[in-house]
Each structure stands twice: as C-alpha cells, then as structure tokens.
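**Student:** Here's a structure for you.
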Amino acid sequence: PSAKGGGGGDDAGTSYGDRWYEEVDGSEWKRGGVKWKTLEHGGVMFPPLYTPHGKPFYYDGAAVPLTAEQEEVATMFAAMRETDYAKKETFQKNFMEAWRPLLKKTDEGKPVKKFDKCDFSAIAAHLEEEKARKKEMTKEQKAEAKKEKDEAEAHCVFALIDSRKEKVGNFRVEPPGLFRGRGEHPKMGKLKARIWPEDITINVGEGAPVPAVPDLGDGKRHRWGDVVHDNTVTWLAKWMDSINGDVKYVMLAANSSWKGMSDLAKYEKARELKKHIGRIRADYMKGMKNPDMEAQQKAVAVYLIDRLALRVGNEKNTDEEADTVGCTSLRVEHVFLDEGDNKLRLKFLGKDSIEYDATTDIIPEAYKALKSFVKKKKPGDQVFDQVNPTELNDYFKHFMEGLSAKVFRTYNASITLDAELRKTEQMVSARQRAAEGDVVALMAYYNIANKNVAELCNHQRATPASHANAIAKMDEKIETLKAELKELKKAGSGKVEAMTKRISKMEADRRNKDETKNVSLGTSKINYNDPRVTVAWCKRFEVPIHRPFPKTLLAKFTWAMSVEPDYEF
DNA sequence: GGCTAGACTTGGAACAATGTTG
DNA sequence: CAACATTGTTCCAAGTCTAGCC
C-alpha cells in the first residue's frame, strides 16, 4: 500500500480524475502499490472456433482425408507457405512434431510423417480465394462487417476504473497458430494452443460484476479459470502461453491514465539520472583502474551501457530461446579490438535478433580493460564473466533510488533529442525555411534528430518492400526536372532559381529516404523520447503538434501537452 | 543469497486505413 | 477510380527487473 505523496490524505493514490496529470507528478506510481479501488470491465473476446473447409490435403500424391482438428493445423501451415518461416528446417520440424499427434489419431497404414511429401497447395489455393473474395467486398459490405464486429466487441472496449472510463488495449485473446519466433528461434513452428475461458484469470473489483463468459458456439457452458481481485496490478485478465509458459496479460491502452502515469514516472526517473550521472561516470573511470577484475568489469559494463546505449543482457536459455545477447552476456566472439587504437567493434544479435554492428571510439582505459577481459578466453566465453544484471542494478541503487540499466537508454535518448533540437536555429537555415516553408524545413530537422536517437538505440527495420521502386521513381523525377532546368537556363527564364531549389529539395528527400530505409523511427518516439521535449520544441517554433505526433501518439501523450516552451529534459 | 514467477515495457512486422497518382 | 504508396494500428514476441519464495 503506497501512501499518496503531497498531501493527498492517507488513501492509496487512486483518487485522481481524467486529467490525472494536473494532479499527480508520477512519483506515486510504484510497483506493487495500490493501483485502483474499483475495477469493472467486460472481459475478453475469443477468436472464432475453427470452421472446416474440406479442401484436400495430399500426401505423397494421394489425397488424405483430415479431421477438423487436423485440417485446422494444416491450414495454419498452408497460410504461411510463402513466408521465410515455412522454408526453415526448424519450423518444418516443429510443425510436423506438433501435427503428428493429431494425425496419429486416425492414420492407419499410410501415416503422414515426412514433411517433404506433404502438399498443402489445394488448401493454400482455397485461402487465396477467400482473400480475393474478401477484397472484392463492396464498400457497403465492408462497412457492414466492421459494424458487426464493433458491436460484438463494444462491451470489451472500455473498462471502468475508479469512475473513469479507460480504453482497454488487447482484449482479444490470441488465436491458435504456429509460433513465429524471431531470428533462429528453436521453437518456431510449434503449435500455439487455443485458449479457452478455463485458461483465463479475470481480475475485477470485489463488488463489480464478473464479466460474462461468452458463448463460444460449441454448445458447452464454459467458466473462467479463476476470478481474482488484485488491486496492486493493472491487468484485467491473463492466461498462460503454451509455447514458453509465460503469462500473457490484457492491459489498458497506451492512452490510459495508468500507462500515462507510468510513462511520466519513467521520464522523471530518467531526468533524475541527470543529477547523478556525473558521479556514476566518475565512479566507472575509477573502477577501470581498480586492480580487481570484478570492479573493472563492472566499470566497463556500465561504461558501455551508458555510452553505447546497450541493453543490460539478461541470461537466456538457448535451448528454448533465440541466442541473443546484451551487454553483460556479450561473448568474446562478439568483440573486435583490432580495428585500430581505442576502437571497439561490437557485432552481435540483440533483442529480436536485430544485429548490432558498430565500431566506436572508446576511452583508452576501457579499451585496455576489454583487451584483458578477452585474453585467454575462447570465442564462446563471456566477456563479463564476473558481473551480471542483478549486481549491476544493485550497484545502480547506491547512486539513485530506482535506477536500473534500462534508465540509461531512456536518459540518453531523451537528452540526445533535447540537445539536437536545441540546435534548430543553427541547423535550419533561413534560406531553407523560405524555400520549403517553415514547418516543412523544421520537421525535416526534427526527423534528423529523431533519426539520431533511433541510431543510438540501434532501432532497425527491414527495408520496405516498396523502397527500390520509390527511389527509382524519385531518380526519374529528378532527371526530368534537371532536363527542364536546362531548358529554362537556355531560355534565360526567371524560374531557374525556383527550379534549382526544387531539385535540391528533391535530392535531399531522396537521400533522406535512402538513409532511413533501415532505421525504425517509431520505437524511440513511442518509448524513449520524453514527449515534453517535442511539445516544448513545437511551441517554440510554432510547429503544429500533430506533425511530430499523429493522432494515437497525441492521445498517448496528453499528459505532456501543457509543458512550458522552455522545458528542458 | 540464489532463483524465478510475475508484471510491465519495448520491439519489429503484419495488417488496415488513408492518401496520392496516373 | 483503380493501383499503388504511405501512414497508422494491431499483434504478439521478447526484453527488463524485482518481490518474494526457498
């Protein structure tokens, strides 16, 4: 039970209204603290039960009749036939292993065992047809279908929490399917089981009505697995995932007050780090000179987390999960120290199996220390064998309450954005403003600042499918404009200057598009950049807030809108 | 103390809606 | 107005981190 700070009486901190951000400052948002007094909601929506299509499946050239249960899983695979997953051996193997027990129930004499002899093409063709039929629906039909869906879900969309109406995020229970792990995930292709009401725990206020168990259409009367009244958590429902055994939660949407308060608390914590970062940096500089190996490793690990914005790198089980690493789990094979004096190259797969590959100038002390850490070790050995995330996070607590490794990422991202945006006057020329218009020129610069943060955090994406095409089109356009320019020059036209500008703008756009083809800008905007930095900047430069923050982000960040123009992270 | 269940944030891709263009 | 591109939303996987168990 957390006492409300700032004179709110001895009640738990849940008495704020819709505009909670005018009343609280984020400091009362505590893990394990009381989150609500009353909680009422409509429960969850289940995916429809499987309807068999009866299309044939062939094994070794012959049609094999499938039961509904068998066909359902075959159809899951058929739907993924053209994806990269379906071509991977691990996926095929896990899929067959999941499918076999179902097939076993009926196959006599002609067991379906070898993946290579399976032919899903008729089922795949059927799925294509269905897709085409859906596409051919008229506008009216589509609208009608959407209306029906919305009506069926309406009771789940909002929750009533301490008299506030709050949007629920993911009230749809995940449908069964073939697990799509990222990277080389050992479990890819396994069957993710269907979730039934009996698997679900509902969390609801003590006096509130328990949400009705929906009729699934299977003629059975279902019940919730459990109903609890836990006011120290923010989830409305949960169930256990059959792939990894971890818990999946139904929580509120990003624009809810709970997420907002938590967000505010997160950024305030990161700002708090500003006051302590000097001491922390001084301490790791000292630590690198400490003859004790453990002290040295801790110092260098913190240095990398701070300067390279690495994640802490918790332990992973490579039999059950993809082999990815973070700072403390780096292995010798990921570290290259032969790229020049005091140059560190790190090449490893991080979260989501996204590759980190960058060479950074580091301080000589860290370079020297790293050399000693990898000495006499095998490629598969840990670089930081004497430190682990728990120890690091305990150590951080000596400097600041609540400080943990991830705070450094938030801190570095937000402070970078703030610093970059402070250079706006110098970076956006009057000429550019005149040529492109103020808002366009300013937003181009904002996006560069945003891109710098994304690169700091190594937020990458696959090149969009349309990229090459789009670039080719732009090139073509540039060529035409250049030809036009030539004509204008020849004619001694007054439009030469305007055309030159137009071309350079176009070329800048092209360059920008190409340079950001592999950069994912959204993640830093949504999770790392203190929104108040952006809001204040918009106010200072008279940029409409919807330019950097489209509708959903605006809703997510309502708490940040009233910040003063001179706000500093 | 070490371990892990549990809760919550972070993450890219897939999908849907909307905007642009020919 | 269809085809395509872009932007916005949903999905659900994959991290972090600590309370509380032994």
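Labels used: A, B, ... for chains in the order of the structure tokens, numbers from 1 for residues in each chain, and numbers from 1 for ligands as shown.
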Find the residues around Ile471 in chain A up to 9 Å (only C-alpha atoms (C1' of nucleotides) counted), leave out those fewer than 3 positions away in its own chain, and share them as JSON, numbers by chain.

**Tutor:** {"A": [466, 467, 468, 474, 475, 476, 510, 513, 514]}

**Student:** Give me the residues within 9 Å of DT18 in chain B as number ranges by chain, counting only C-alpha atoms (C1' of nucleotides) and dropping any in the same chain fewer than 6 places off.

**Tutor:** C: 6-8

**Student:** Identify all chain C residues at most 9 Å from chain A by counting only C-alpha atoms (C1' of nucleotides); ligands do not count. Present them as a PDB file with N, CA and C atoms (P, O5', C5', C4', C3', O3' and C1' of nucleotides), in the first residue's frame.

**Tutor:**
```pdb
ATOM      1  P    DA C   5       4.222   1.143 -55.504  1.00  0.00           P
ATOM      2  O5'  DA C   5       3.916   2.299 -54.463  1.00  0.00           O
ATOM      3  C5'  DA C   5       3.827   3.650 -54.914  1.00  0.00           C
ATOM      4  C4'  DA C   5       3.708   4.548 -53.705  1.00  0.00           C
ATOM      5  C3'  DA C   5       4.691   4.238 -52.594  1.00  0.00           C
ATOM      6  O3'  DA C   5       5.227   5.475 -52.146  1.00  0.00           O
ATOM      7  C1'  DA C   5       2.469   4.109 -51.759  1.00  0.00           C
ATOM      8  P    DG C   8       0.724   8.929 -39.703  1.00  0.00           P
ATOM      9  O5'  DG C   8      -0.220   7.691 -39.387  1.00  0.00           O
ATOM     10  C5'  DG C   8      -1.603   7.752 -39.713  1.00  0.00           C
ATOM     11  C4'  DG C   8      -2.287   6.556 -39.112  1.00  0.00           C
ATOM     12  C3'  DG C   8      -2.063   6.399 -37.610  1.00  0.00           C
ATOM     13  O3'  DG C   8      -3.336   6.081 -37.054  1.00  0.00           O
ATOM     14  C1'  DG C   8      -1.379   4.434 -38.725  1.00  0.00           C
ATOM     15  P    DT C   9      -3.539   5.611 -35.555  1.00  0.00           P
ATOM     16  O5'  DT C   9      -3.572   4.029 -35.733  1.00  0.00           O
ATOM     17  C5'  DT C   9      -4.669   3.428 -36.417  1.00  0.00           C
ATOM     18  C4'  DT C   9      -4.656   1.944 -36.152  1.00  0.00           C
ATOM     19  C3'  DT C   9      -4.620   1.571 -34.670  1.00  0.00           C
ATOM     20  O3'  DT C   9      -5.687   0.661 -34.474  1.00  0.00           O
ATOM     21  C1'  DT C   9      -2.888   0.445 -35.856  1.00  0.00           C
ATOM     22  P    DT C  10      -5.906  -0.125 -33.101  1.00  0.00           P
ATOM     23  O5'  DT C  10      -5.211  -1.516 -33.466  1.00  0.00           O
ATOM     24  C5'  DT C  10      -5.696  -2.257 -34.592  1.00  0.00           C
ATOM     25  C4'  DT C  10      -4.950  -3.562 -34.675  1.00  0.00           C
ATOM     26  C3'  DT C  10      -4.973  -4.386 -33.392  1.00  0.00           C
ATOM     27  O3'  DT C  10      -5.342  -5.696 -33.785  1.00  0.00           O
ATOM     28  C1'  DT C  10      -2.749  -4.110 -34.139  1.00  0.00           C
ATOM     29  P    DC C  11      -5.536  -6.857 -32.724  1.00  0.00           P
ATOM     30  O5'  DC C  11      -4.134  -7.615 -32.846  1.00  0.00           O
ATOM     31  C5'  DC C  11      -3.749  -8.172 -34.105  1.00  0.00           C
ATOM     32  C4'  DC C  11      -2.367  -8.745 -33.956  1.00  0.00           C
ATOM     33  C3'  DC C  11      -2.197  -9.609 -32.706  1.00  0.00           C
ATOM     34  O3'  DC C  11      -1.887 -10.919 -33.139  1.00  0.00           O
ATOM     35  C1'  DC C  11      -0.384  -8.089 -32.987  1.00  0.00           C
ATOM     36  P    DC C  12      -2.097 -12.157 -32.193  1.00  0.00           P
ATOM     37  O5'  DC C  12      -0.662 -12.269 -31.540  1.00  0.00           O
ATOM     38  C5'  DC C  12       0.457 -12.621 -32.364  1.00  0.00           C
ATOM     39  C4'  DC C  12       1.709 -12.287 -31.601  1.00  0.00           C
ATOM     40  C3'  DC C  12       1.767 -12.881 -30.176  1.00  0.00           C
ATOM     41  O3'  DC C  12       3.090 -13.252 -29.917  1.00  0.00           O
ATOM     42  C1'  DC C  12       2.252 -10.671 -30.100  1.00  0.00           C
ATOM     43  P    DA C  13       3.477 -14.796 -29.807  1.00  0.00           P
ATOM     44  O5'  DA C  13       5.045 -14.694 -30.033  1.00  0.00           O
ATOM     45  C5'  DA C  13       5.564 -14.156 -31.239  1.00  0.00           C
ATOM     46  C4'  DA C  13       6.797 -13.343 -30.937  1.00  0.00           C
ATOM     47  C3'  DA C  13       7.732 -13.956 -29.898  1.00  0.00           C
ATOM     48  O3'  DA C  13       9.038 -13.821 -30.426  1.00  0.00           O
ATOM     49  C1'  DA C  13       7.155 -11.749 -29.245  1.00  0.00           C
ATOM     50  P    DA C  14      10.303 -14.353 -29.650  1.00  0.00           P
ATOM     51  O5'  DA C  14      10.765 -13.073 -28.854  1.00  0.00           O
ATOM     52  C5'  DA C  14      11.382 -11.998 -29.529  1.00  0.00           C
ATOM     53  C4'  DA C  14      11.919 -11.053 -28.484  1.00  0.00           C
ATOM     54  C3'  DA C  14      12.712 -11.742 -27.392  1.00  0.00           C
ATOM     55  O3'  DA C  14      13.726 -10.855 -26.984  1.00  0.00           O
ATOM     56  C1'  DA C  14      10.999 -10.543 -26.411  1.00  0.00           C
ATOM     57  P    DG C  15      15.223 -11.288 -26.935  1.00  0.00           P
ATOM     58  O5'  DG C  15      15.824 -10.077 -26.096  1.00  0.00           O
ATOM     59  C5'  DG C  15      15.615 -10.015 -24.698  1.00  0.00           C
ATOM     60  C4'  DG C  15      15.125  -8.633 -24.328  1.00  0.00           C
ATOM     61  C3'  DG C  15      15.403  -8.287 -22.884  1.00  0.00           C
ATOM     62  O3'  DG C  15      16.606  -7.573 -22.805  1.00  0.00           O
ATOM     63  C1'  DG C  15      13.128  -7.848 -23.422  1.00  0.00           C
ATOM     64  P    DT C  16      17.418  -7.502 -21.500  1.00  0.00           P
ATOM     65  O5'  DT C  16      16.492  -6.643 -20.516  1.00  0.00           O
ATOM     66  C5'  DT C  16      16.216  -5.274 -20.808  1.00  0.00           C
ATOM     67  C4'  DT C  16      15.390  -4.697 -19.678  1.00  0.00           C
ATOM     68  C3'  DT C  16      16.057  -4.813 -18.313  1.00  0.00           C
ATOM     69  O3'  DT C  16      15.963  -3.541 -17.693  1.00  0.00           O
ATOM     70  C1'  DT C  16      13.897  -5.776 -18.236  1.00  0.00           C
ATOM     71  P    DC C  17      16.814  -3.211 -16.396  1.00  0.00           P
ATOM     72  O5'  DC C  17      15.896  -3.766 -15.224  1.00  0.00           O
ATOM     73  C5'  DC C  17      14.646  -3.137 -14.998  1.00  0.00           C
ATOM     74  C4'  DC C  17      13.948  -3.892 -13.888  1.00  0.00           C
ATOM     75  C3'  DC C  17      14.855  -4.256 -12.707  1.00  0.00           C
ATOM     76  O3'  DC C  17      14.195  -3.816 -11.544  1.00  0.00           O
ATOM     77  C1'  DC C  17      13.606  -6.115 -13.403  1.00  0.00           C
ATOM     78  P    DT C  18      14.987  -3.458 -10.256  1.00  0.00           P
ATOM     79  O5'  DT C  18      13.926  -3.891  -9.148  1.00  0.00           O
ATOM     80  C5'  DT C  18      12.553  -3.671  -9.366  1.00  0.00           C
ATOM     81  C4'  DT C  18      11.777  -4.759  -8.674  1.00  0.00           C
ATOM     82  C3'  DT C  18      12.329  -5.158  -7.311  1.00  0.00           C
ATOM     83  O3'  DT C  18      11.204  -5.417  -6.496  1.00  0.00           O
ATOM     84  C1'  DT C  18      12.133  -7.057  -8.630  1.00  0.00           C
ATOM     85  P    DA C  19      11.005  -4.814  -5.089  1.00  0.00           P
ATOM     86  O5'  DA C  19       9.785  -5.703  -4.571  1.00  0.00           O
ATOM     87  C5'  DA C  19       8.677  -5.897  -5.437  1.00  0.00           C
ATOM     88  C4'  DA C  19       8.061  -7.244  -5.167  1.00  0.00           C
ATOM     89  C3'  DA C  19       7.991  -7.656  -3.700  1.00  0.00           C
ATOM     90  O3'  DA C  19       6.752  -8.339  -3.567  1.00  0.00           O
ATOM     91  C1'  DA C  19       9.341  -9.213  -4.884  1.00  0.00           C
TER      92       DA C  19
END
```

**Student:** Considering only C-alpha atoms (C1' of nucleotides), give me a table of residues in chain A that are at most 8 Å from chain B, with the closest atom pair and distance in Å for each, as a tab-separated table.

**Tutor:**
```
residue	atom	partner	partner_atom	distance
A:Val233	CA	B:DA7	C1'	7.7
A:Val247	CA	B:DG6	C1'	7.7
A:Lys351	CA	B:DG11	C1'	8.0
A:Asp352	CA	B:DG11	C1'	7.2
A:Arg461	CA	B:DG12	C1'	6.6
A:Thr523	CA	B:DG11	C1'	7.1
A:Asn527	CA	B:DT10	C1'	7.0
```

**Student:** Mind giving me the straight-line distance from CA of Gly219 in chain A to CA of Val204 in chain A in Å, one decimal?

**Tutor:**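 Separating CA of Gly219 in chain A from CA of Val204 in chain A is a distance of 26.6 Å.
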
**Student:** Which value, in Å to one decimal, gives the distance between CA of Lys142 in chain A and CA of Gly54 in chain A?

**Tutor:**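 Straight-line distance from CA of Lys142 in chain A to CA of Gly54 in chain A works out to 26.0 Å.
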
**Student:** What is the distance between CA of Ala79 in chain A and CA of His185 in chain A, in Å to one decimal?

**Tutor:**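 The value is 19.8 Å.
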
**Student:** For the structure I just gave you, how does DSSP split range 30-190 of chain A - specifically, which residues are helix (DSSP H, G or I)? Reply as a ChimeraX atom specification.

**Tutor:** /A:68-79,84-87,89-104,115-117,121-136,139-157

**Student:** Could you pull out the residues in range 52-282 of chain A that DSSP calls strand (DSSP E or B) from the backbone, as a PyMOL selection string?

**Tutor:** chain A and resi 57-59+62-64+118-119+158-161+164-168+172+177-178+191-192+201-203+226-228+237-240+247-250+252

**Student:** Go ahead and save the picked residues with N, CA, C and O atoms, as a compact mmCIF listing (two decimals), in the first residue's frame.

**Tutor:**
```txt
# COMPACT_ATOMS: atom_id res chain seq x y z
N PHE A 57 -5.98 -32.40 -48.76
CA PHE A 57 -4.56 -32.38 -48.45
C PHE A 57 -3.97 -33.64 -49.08
O PHE A 57 -4.57 -34.71 -49.02
N TYR A 58 -2.82 -33.48 -49.73
CA TYR A 58 -2.20 -34.63 -50.39
C TYR A 58 -0.93 -35.05 -49.70
O TYR A 58 -0.12 -34.20 -49.32
N TYR A 59 -0.78 -36.36 -49.56
CA TYR A 59 0.47 -36.88 -49.03
C TYR A 59 1.03 -37.88 -50.02
O TYR A 59 0.33 -38.84 -50.39
N ALA A 62 -1.27 -38.67 -52.88
CA ALA A 62 -2.63 -39.14 -52.66
C ALA A 62 -3.37 -38.27 -51.66
O ALA A 62 -2.78 -37.81 -50.68
N ALA A 63 -4.67 -38.05 -51.91
CA ALA A 63 -5.48 -37.25 -51.00
C ALA A 63 -5.65 -37.97 -49.67
O ALA A 63 -5.91 -39.17 -49.64
N VAL A 64 -5.46 -37.26 -48.58
CA VAL A 64 -5.64 -37.83 -47.25
C VAL A 64 -6.75 -37.06 -46.55
O VAL A 64 -6.65 -35.84 -46.38
N CYS A 118 4.35 -33.71 -48.03
CA CYS A 118 3.09 -33.02 -47.78
C CYS A 118 2.82 -31.97 -48.86
O CYS A 118 3.72 -31.23 -49.25
N ASP A 119 1.60 -31.94 -49.29
CA ASP A 119 1.22 -30.96 -50.32
C ASP A 119 0.01 -30.17 -49.83
O ASP A 119 -1.10 -30.69 -49.74
N PHE A 158 -14.02 -0.66 -23.28
CA PHE A 158 -13.69 0.22 -22.15
C PHE A 158 -13.80 -0.51 -20.81
O PHE A 158 -14.60 -1.42 -20.65
N ALA A 159 -12.98 -0.05 -19.89
CA ALA A 159 -13.08 -0.52 -18.51
C ALA A 159 -13.47 0.68 -17.66
O ALA A 159 -13.22 1.82 -18.05
N LEU A 160 -14.08 0.42 -16.52
CA LEU A 160 -14.46 1.49 -15.61
C LEU A 160 -13.59 1.37 -14.37
O LEU A 160 -13.71 0.41 -13.61
N ILE A 161 -12.71 2.34 -14.20
CA ILE A 161 -11.75 2.26 -13.12
C ILE A 161 -11.85 3.50 -12.24
O ILE A 161 -11.63 4.61 -12.70
N ARG A 164 -13.51 6.28 -13.78
CA ARG A 164 -13.00 6.78 -15.06
C ARG A 164 -13.23 5.73 -16.13
O ARG A 164 -13.07 4.53 -15.91
N LYS A 165 -13.59 6.19 -17.32
CA LYS A 165 -13.74 5.28 -18.45
C LYS A 165 -12.39 5.17 -19.12
O LYS A 165 -11.82 6.19 -19.55
N GLU A 166 -11.84 3.99 -19.20
CA GLU A 166 -10.49 3.82 -19.75
C GLU A 166 -10.51 2.81 -20.89
O GLU A 166 -11.19 1.79 -20.83
N LYS A 167 -9.73 3.10 -21.91
CA LYS A 167 -9.67 2.22 -23.07
C LYS A 167 -8.83 0.98 -22.74
O LYS A 167 -7.75 1.08 -22.17
N VAL A 168 -9.36 -0.17 -23.13
CA VAL A 168 -8.62 -1.41 -22.95
C VAL A 168 -7.74 -1.63 -24.18
O VAL A 168 -8.12 -1.28 -25.29
N ARG A 172 -8.61 -8.90 -27.13
CA ARG A 172 -8.80 -10.11 -27.94
C ARG A 172 -7.80 -11.18 -27.53
O ARG A 172 -6.59 -10.96 -27.54
N GLY A 177 -2.22 -20.80 -33.35
CA GLY A 177 -1.43 -20.62 -34.57
C GLY A 177 -0.07 -21.26 -34.44
O GLY A 177 0.25 -21.84 -33.39
N LEU A 178 0.72 -21.15 -35.48
CA LEU A 178 2.08 -21.67 -35.43
C LEU A 178 2.98 -20.56 -34.92
O LEU A 178 2.95 -19.45 -35.45
N LEU A 191 2.98 -25.48 -32.25
CA LEU A 191 1.56 -25.10 -32.23
C LEU A 191 1.22 -24.35 -30.95
O LEU A 191 1.34 -24.88 -29.85
N LYS A 192 0.79 -23.11 -31.14
CA LYS A 192 0.33 -22.32 -30.01
C LYS A 192 -1.13 -22.68 -29.79
O LYS A 192 -1.97 -22.50 -30.67
N THR A 201 -7.65 -16.07 -16.22
CA THR A 201 -7.89 -15.49 -14.91
C THR A 201 -8.38 -14.07 -15.12
O THR A 201 -7.75 -13.29 -15.83
N ILE A 202 -9.51 -13.76 -14.51
CA ILE A 202 -10.09 -12.43 -14.62
C ILE A 202 -9.77 -11.65 -13.35
O ILE A 202 -9.90 -12.19 -12.25
N ASN A 203 -9.33 -10.42 -13.53
CA ASN A 203 -9.10 -9.55 -12.36
C ASN A 203 -10.14 -8.44 -12.40
O ASN A 203 -10.24 -7.70 -13.39
N ASP A 226 -10.31 -18.60 -13.25
CA ASP A 226 -10.23 -18.04 -11.91
C ASP A 226 -10.70 -16.58 -11.98
O ASP A 226 -10.61 -15.94 -13.03
N VAL A 227 -11.19 -16.10 -10.86
CA VAL A 227 -11.55 -14.69 -10.76
C VAL A 227 -10.86 -14.14 -9.53
O VAL A 227 -11.02 -14.70 -8.44
N VAL A 228 -10.04 -13.10 -9.70
CA VAL A 228 -9.33 -12.53 -8.55
C VAL A 228 -9.63 -11.04 -8.43
O VAL A 228 -10.22 -10.44 -9.34
N ALA A 237 -7.04 -9.29 -17.27
CA ALA A 237 -7.16 -10.73 -17.49
C ALA A 237 -5.79 -11.26 -17.86
O ALA A 237 -4.94 -10.51 -18.34
N LYS A 238 -5.58 -12.54 -17.63
CA LYS A 238 -4.31 -13.14 -18.04
C LYS A 238 -4.51 -14.61 -18.34
O LYS A 238 -5.50 -15.21 -17.93
N TRP A 239 -3.57 -15.16 -19.10
CA TRP A 239 -3.56 -16.60 -19.34
C TRP A 239 -2.14 -17.06 -19.57
O TRP A 239 -1.25 -16.23 -19.78
N MET A 240 -1.94 -18.34 -19.52
CA MET A 240 -0.61 -18.88 -19.71
C MET A 240 -0.42 -19.29 -21.16
O MET A 240 -1.23 -20.00 -21.73
N VAL A 247 3.23 -15.70 -19.01
CA VAL A 247 1.89 -15.17 -18.82
C VAL A 247 1.61 -14.06 -19.83
O VAL A 247 2.46 -13.19 -20.06
N LYS A 248 0.44 -14.12 -20.44
CA LYS A 248 0.01 -13.04 -21.34
C LYS A 248 -1.06 -12.23 -20.61
O LYS A 248 -1.95 -12.81 -20.00
N TYR A 249 -0.97 -10.92 -20.72
CA TYR A 249 -1.89 -10.06 -19.97
C TYR A 249 -2.78 -9.23 -20.87
O TYR A 249 -2.36 -8.80 -21.94
N VAL A 250 -3.98 -8.96 -20.41
CA VAL A 250 -4.84 -7.97 -21.03
C VAL A 250 -4.67 -6.71 -20.19
O VAL A 250 -4.92 -6.72 -18.98
N LEU A 252 -4.57 -2.06 -20.18
CA LEU A 252 -5.19 -0.88 -20.78
C LEU A 252 -4.38 -0.40 -21.98
O LEU A 252 -3.20 -0.73 -22.14
```

**Student:** With only C-alpha atoms as the atoms that count, which of A:Thr324, A:Thr424, A:Ser493, A:Ser520 lies nearest to Asn458 in chain A?

**Tutor:**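 Looking at the shortest contact to Asn458 in chain A, the residue is A:Ser520.
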